[in-house]
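Here's the structure, in structure tokens; my notes come after.
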Amino acid sequence: MAGEDPKELLFLCALQNAVRHGGVPQAGAVIGMVMGAHPELRSRAKEVSALAKEAIADVAALSPEARVTTLQERAPGMFAALSEKHEHKKVLPDLEGSQNGVVMRFAPNPSGPLHIGHARAAALNDAYVKQCGGRYILRIEDTDPKRVDPEAYETVKEDIRWLGLGITDIVTQSERLPIYYDLCRQLIERDGAYVCTCDNEHFKELKQAKTACPCRDQPVEKNLELWQKMLDHGFHEGEVSVRIKTDLDNPDPAMRDFPAFRILDAPPHPKVKAHVYPLMNFSVVADDHLLGVTHVIRGKDHIANTRRQRYIYDHMGWKIPVYRHYGRMGIEGVVLSTSQMRLGINEGTYTGWDDIHLGTLRALARRGISPEAVKNAMLAIGIGDTDISFSWDNLYAENRKIVDPTANRYFFVPDPVEVKIEGAPDHTAHALLHPGDAARGSRIMEFTGQVLLPKGELVPGTSMVRLKDLFNVKIAWDGGIPLFSYGGESLADARAAKAHIIQWLPAQATVPCTLLTQEGEMKGACEPAVKSELGKVVQFERVGFVKIDAVDASGVKAYFTHK
């Protein structure tokens with residue numbers, strides 16, 4: 001943030017918040033807005049926190065009229081944004097209690113890279129933090145060592161950086177085990193939980209019968225003693241658990257005295273030495289409370305967990321966040337199961353986590369899908385509770401809006417055949433790099449008699465084709481063998497003959513090109529200038545958008561993005 005004063009940034013964000021919502025904003029909302037826009041300030045968190053209090057005090061000292069005038073004078077762009085229609089086009093409905101900012105979280109398990117299914121929660125929470133102001137917490141939920149891939153700690157963060165989430169805080173649950181242990185002790189002292197040593201099958205029978213197990217009425221002192229014995233390695237896996245006291249008459253058996261802690265003897269955790277681990281419903285409540293999470297947006301498959309978690313909130317006397325549960329999103333066409341993906345990679349079925357047959361974010365990135373397109377597609381789906389099927393066409397439409405104005409155009413000839421066109425004069429073709437931006441210039445291709453044409457376009461019976469940006473070619477068939485001759489430059493003649501407009505390349509100036517698609521690979525040739533587009537999305541005319549993945553002495557490798 002070269003040249004920018006942190007206090008001025010904080011003051012202007014606080015001022016904009018005050019003008020938009022009235023009143024004086026909370027420090028967390030202002031800090032979150034600034035940290036999200038200027039992540040380089042995170043290393044100066046203490047200084048920023050102190051400056052935020054001063055900035056908010058300065059805003060509070062201004063009258064409502066003076067706040068408007070000051071914002072107009074010192075940040076006209078921020079003032080104009082208040083009266084403009086939201087960049088989000090109000091896709092997202094307002095959240096209860098979000099007037100003074102929000103604290104939200106995205107909580108993946110580090111079992112592998114993030115995939116398109118993760119993107120919905122990630123993007124929706126991110127959009128609300130940006131819309132309302134506040135903090136966005138990345139919480140790595142790694143308290144089940146059986147589901148932890150050590151490499152995923154970094155790959156998850158890489159995926160989040162690619163997606164462009166405005167993360168302000170990062171928390172790893174395995175580093176917080178002492179916190180969970182202390183809260184469990186407090187919960188037992190409140191008689192909200194007990195240590196159960198019953199056989200699992202016997203407990204299930206009692207639960208189904210709505211009957212308390214013998215451990216449920218143990219004195220608090222006895223439960224504390226057993227809890228300490230758990231921590232001191234006095235039990236083995238499967239011998240004991242900590243259970244939350246709930247309503248044994250609840251019509252849903254899964255709600256009756258559900259487990260909160262268990263012992264896992266193996267495998268070892270890659271980050272910590274432990275054998276007592278919290279289950280998700282306990283650690284989630286503990287962190288949501290301690291980290292100040294105000295709103296939780298997640299799938300309706302978590303509705304039962306929300307009901308379970310309310311028991312813990314009630315036992316501890318904590319305020320419950322605002323919950324919104326969105327409908328299930330069916331995704332077809334790609335592999336999303338982490339275990340299936342890992343098995344396929346190990347067996348050589350997939351080339352890696354970014355194989356284009358997979359639904360990982362890195363696979364989408366390799367194909368040329370932009371992170372903004374992913375987020376926009378998820379915002380368009382929204383937080384409705386109706387189950388839907390994810391539309392790849394909608395994602396491609398969003399991506400097309402982003403890449404179409406920037407992607408240069410080139411010719412790619414799949415399965416090329418070299419042909420001589422009789423009677424054709426030498427010709428210099430000028431093909432625009434982008435049809436909507438003539439200022440970018442043209443590709444110049446010299447025709448001297450020999451060209452490469454796509455074999456698939458040379459179907460017996462075809463009498464004419466038009467080479468794009470060049471001229472018409474007549475085709476005569478002699479015993480199934482095509483003979484090519486110059487057909488003039490009249491576009492009207494081509495239209496009258498219903499001639500296909502096809503891509504072509506001068507035979508003497510091409511580069512071998514392999515185009516990889518989800519259906520297989522296409523071997524062909526492309527313009528030499530494509531080699532300068534490494535890492536970019538271009539459009540192979542009459543084929544589609546592609547991302548140039550590799551360039552070497554053997555030629556070009558590209559991945560098909562979409563039409």
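Every chain in the structure tokens has a letter given in the order shown (A, B, ...), and although residue numbers restart at 1 in each chain, ligands are simply numbered from 1 in the order shown.
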
- Message: List as a count of residues only the protein and nucleic acid residues near Ser43 (chain A), meaning an atom at most 12 Å away when only C-alpha atoms are counted, but skip any in the same chain fewer than 5 places from it.
- Response: 6

- Message: I need the alpha helix (DSSP H) residues of region 10-48 of chain A per DSSP on the backbone, written as a PyMOL selection string.
- Response: chain A and resi 10-21+27-37+45-48

Residues from last step as file, N, CA and C atoms, as a short mmCIF file (atom, residue, chain, number, x, y, z; two decimals), in the first residue's frame:
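Saved the output as out25.cif:
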```
data_model
loop_
_atom_site.label_atom_id
_atom_site.label_comp_id
_atom_site.auth_asym_id
_atom_site.auth_seq_id
_atom_site.Cartn_x
_atom_site.Cartn_y
_atom_site.Cartn_z
N LEU A 10 -8.47 3.79 7.32
CA LEU A 10 -9.42 3.40 8.36
C LEU A 10 -10.48 4.48 8.56
N PHE A 11 -10.05 5.74 8.55
CA PHE A 11 -11.00 6.84 8.73
C PHE A 11 -12.03 6.86 7.60
N LEU A 12 -11.54 6.71 6.37
CA LEU A 12 -12.46 6.77 5.22
C LEU A 12 -13.42 5.59 5.21
N CYS A 13 -12.93 4.40 5.57
CA CYS A 13 -13.82 3.23 5.63
C CYS A 13 -14.87 3.40 6.73
N ALA A 14 -14.43 3.91 7.88
CA ALA A 14 -15.38 4.16 8.98
C ALA A 14 -16.39 5.22 8.58
N LEU A 15 -15.91 6.23 7.86
CA LEU A 15 -16.78 7.32 7.42
C LEU A 15 -17.82 6.81 6.42
N GLN A 16 -17.38 6.00 5.46
CA GLN A 16 -18.31 5.45 4.48
C GLN A 16 -19.36 4.57 5.16
N ASN A 17 -18.92 3.75 6.11
CA ASN A 17 -19.84 2.88 6.84
C ASN A 17 -20.87 3.70 7.60
N ALA A 18 -20.42 4.80 8.24
CA ALA A 18 -21.32 5.64 9.02
C ALA A 18 -22.35 6.33 8.13
N VAL A 19 -21.90 6.79 6.95
CA VAL A 19 -22.82 7.45 6.03
C VAL A 19 -23.84 6.46 5.48
N ARG A 20 -23.38 5.23 5.20
CA ARG A 20 -24.28 4.23 4.61
C ARG A 20 -25.31 3.75 5.63
N HIS A 21 -24.87 3.44 6.85
CA HIS A 21 -25.75 2.78 7.82
C HIS A 21 -26.25 3.69 8.95
N ALA A 27 -15.32 -1.45 15.44
CA ALA A 27 -13.93 -1.50 15.00
C ALA A 27 -13.67 -2.71 14.11
N GLY A 28 -14.29 -3.85 14.46
CA GLY A 28 -14.06 -5.06 13.67
C GLY A 28 -14.48 -4.91 12.23
N ALA A 29 -15.60 -4.24 12.01
CA ALA A 29 -16.09 -4.06 10.64
C ALA A 29 -15.13 -3.20 9.83
N VAL A 30 -14.64 -2.14 10.45
CA VAL A 30 -13.73 -1.23 9.74
C VAL A 30 -12.39 -1.91 9.47
N ILE A 31 -11.85 -2.58 10.48
CA ILE A 31 -10.57 -3.27 10.30
C ILE A 31 -10.69 -4.34 9.21
N GLY A 32 -11.81 -5.07 9.22
CA GLY A 32 -12.02 -6.11 8.22
C GLY A 32 -12.03 -5.54 6.80
N MET A 33 -12.71 -4.41 6.62
CA MET A 33 -12.77 -3.79 5.29
C MET A 33 -11.37 -3.40 4.81
N VAL A 34 -10.58 -2.81 5.70
CA VAL A 34 -9.25 -2.34 5.32
C VAL A 34 -8.30 -3.52 5.10
N MET A 35 -8.33 -4.50 6.00
CA MET A 35 -7.46 -5.67 5.86
C MET A 35 -7.79 -6.45 4.59
N GLY A 36 -9.10 -6.54 4.28
CA GLY A 36 -9.49 -7.26 3.07
C GLY A 36 -8.94 -6.60 1.82
N ALA A 37 -8.94 -5.27 1.80
CA ALA A 37 -8.46 -4.54 0.62
C ALA A 37 -6.93 -4.38 0.63
N ALA A 45 -1.17 -5.74 12.70
CA ALA A 45 -2.53 -5.82 13.25
C ALA A 45 -2.70 -4.98 14.51
N LYS A 46 -1.74 -5.01 15.44
CA LYS A 46 -1.88 -4.23 16.68
C LYS A 46 -1.94 -2.74 16.39
N GLU A 47 -1.06 -2.29 15.50
CA GLU A 47 -1.04 -0.87 15.15
C GLU A 47 -2.35 -0.46 14.48
N VAL A 48 -2.82 -1.32 13.57
CA VAL A 48 -4.06 -1.02 12.86
C VAL A 48 -5.24 -0.97 13.83
#
```

Would you list the contacts of region 268-271 of chain A as a short mmCIF file (atom, residue, chain, number, x, y, z; two decimals) with C-alpha atoms, in the first residue's frame, taking every protein, DNA or RNA residue within 9 Å and counting only C-alpha atoms, but skipping same-chain residues closer than 4 positions in sequence?
```cif
data_model
loop_
_atom_site.label_atom_id
_atom_site.label_comp_id
_atom_site.auth_asym_id
_atom_site.auth_seq_id
_atom_site.Cartn_x
_atom_site.Cartn_y
_atom_site.Cartn_z
CA ASP A 142 -8.17 -30.77 11.04
CA THR A 143 -9.21 -32.50 14.27
CA ASP A 144 -9.76 -35.83 12.52
CA PRO A 145 -6.27 -37.13 11.65
CA LYS A 146 -7.82 -39.83 9.45
CA VAL A 148 -5.79 -34.99 6.97
CA ASP A 149 -3.43 -34.79 4.02
CA PRO A 150 -0.33 -32.88 5.23
CA SER A 174 -5.31 -28.71 15.78
CA GLU A 175 -3.34 -25.83 17.30
CA LEU A 264 -8.07 -41.85 18.34
CA HIS A 275 -5.08 -38.80 21.23
#
```

- Message: Please list as a ChimeraX atom specification every residue within 12 Å of region 155-161 of chain A, counting only C-alpha atoms and excluding residues in the same chain fewer than 5 positions away.
- Response: /A:39,106-116,118-119,122-123,126,137-141,148-150,166-167,170-172,353-354,360-365,371,375

Write out the residues from the selection above, keeping C-alpha atoms, as a PDB file, in the first residue's frame.
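New file part.pdb:
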```pdb
ATOM      1  CA  PRO A  39      -3.655  -7.661   3.141  1.00  0.00           C
ATOM      2  CA  PHE A 106     -14.965 -20.666   5.600  1.00  0.00           C
ATOM      3  CA  ALA A 107     -13.987 -23.958   7.207  1.00  0.00           C
ATOM      4  CA  PRO A 108     -12.559 -26.628   4.878  1.00  0.00           C
ATOM      5  CA  ASN A 109     -11.016 -29.909   5.959  1.00  0.00           C
ATOM      6  CA  PRO A 110      -7.398 -30.333   4.741  1.00  0.00           C
ATOM      7  CA  SER A 111      -8.042 -33.637   3.002  1.00  0.00           C
ATOM      8  CA  GLY A 112      -7.117 -32.353  -0.448  1.00  0.00           C
ATOM      9  CA  PRO A 113      -7.461 -29.326  -2.727  1.00  0.00           C
ATOM     10  CA  LEU A 114     -10.677 -27.326  -2.854  1.00  0.00           C
ATOM     11  CA  HIS A 115     -13.207 -28.181  -5.542  1.00  0.00           C
ATOM     12  CA  ILE A 116     -16.169 -26.469  -7.189  1.00  0.00           C
ATOM     13  CA  HIS A 118     -16.426 -25.741  -1.829  1.00  0.00           C
ATOM     14  CA  ALA A 119     -16.671 -22.578  -3.910  1.00  0.00           C
ATOM     15  CA  ALA A 122     -16.420 -19.677   0.104  1.00  0.00           C
ATOM     16  CA  ALA A 123     -17.839 -17.159  -2.374  1.00  0.00           C
ATOM     17  CA  ASP A 126     -16.767 -13.588   1.001  1.00  0.00           C
ATOM     18  CA  ILE A 137     -11.923 -16.246   8.921  1.00  0.00           C
ATOM     19  CA  LEU A 138     -10.307 -19.212   7.217  1.00  0.00           C
ATOM     20  CA  ARG A 139     -10.597 -22.060   9.707  1.00  0.00           C
ATOM     21  CA  ILE A 140      -8.712 -25.256   8.870  1.00  0.00           C
ATOM     22  CA  GLU A 141     -10.752 -28.037  10.502  1.00  0.00           C
ATOM     23  CA  VAL A 148      -5.793 -34.986   6.972  1.00  0.00           C
ATOM     24  CA  ASP A 149      -3.433 -34.787   4.022  1.00  0.00           C
ATOM     25  CA  PRO A 150      -0.328 -32.881   5.229  1.00  0.00           C
ATOM     26  CA  GLY A 166     -10.734 -11.499   1.398  1.00  0.00           C
ATOM     27  CA  ILE A 167      -9.457 -13.620   4.286  1.00  0.00           C
ATOM     28  CA  ILE A 170      -6.400 -17.885   9.592  1.00  0.00           C
ATOM     29  CA  VAL A 171      -7.009 -20.444  12.353  1.00  0.00           C
ATOM     30  CA  THR A 172      -5.937 -24.091  12.472  1.00  0.00           C
ATOM     31  CA  TRP A 353      -4.997 -32.655  -8.761  1.00  0.00           C
ATOM     32  CA  ASP A 354      -5.271 -30.299 -11.737  1.00  0.00           C
ATOM     33  CA  THR A 360     -10.892 -29.088  -8.328  1.00  0.00           C
ATOM     34  CA  LEU A 361     -10.385 -25.346  -8.514  1.00  0.00           C
ATOM     35  CA  ARG A 362      -6.881 -25.926  -9.821  1.00  0.00           C
ATOM     36  CA  ALA A 363      -8.299 -28.072 -12.629  1.00  0.00           C
ATOM     37  CA  LEU A 364     -10.647 -25.226 -13.554  1.00  0.00           C
ATOM     38  CA  ALA A 365      -7.731 -22.793 -13.438  1.00  0.00           C
ATOM     39  CA  PRO A 371     -11.778 -17.113 -10.277  1.00  0.00           C
ATOM     40  CA  LYS A 375     -17.505 -16.509  -7.750  1.00  0.00           C
TER      41      LYS A 375
END
```

- Extract the full set of strand (DSSP E) residues from region 120-363 of chain A according to DSSP on the backbone, and format it as a ChimeraX atom specification. /A:134-140,169-172,193-196,241-244,259-263,276-278,295-299,322-326,329-330

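The list of residues with at least one atom within 8 Å of Ser485 (chain A), based on only C-alpha atoms and without residues fewer than 3 positions apart in the same chain, reads A:Ile421, A:Glu422, A:Gly423, A:Ala424, A:Val473, A:Lys474, A:Ile475.
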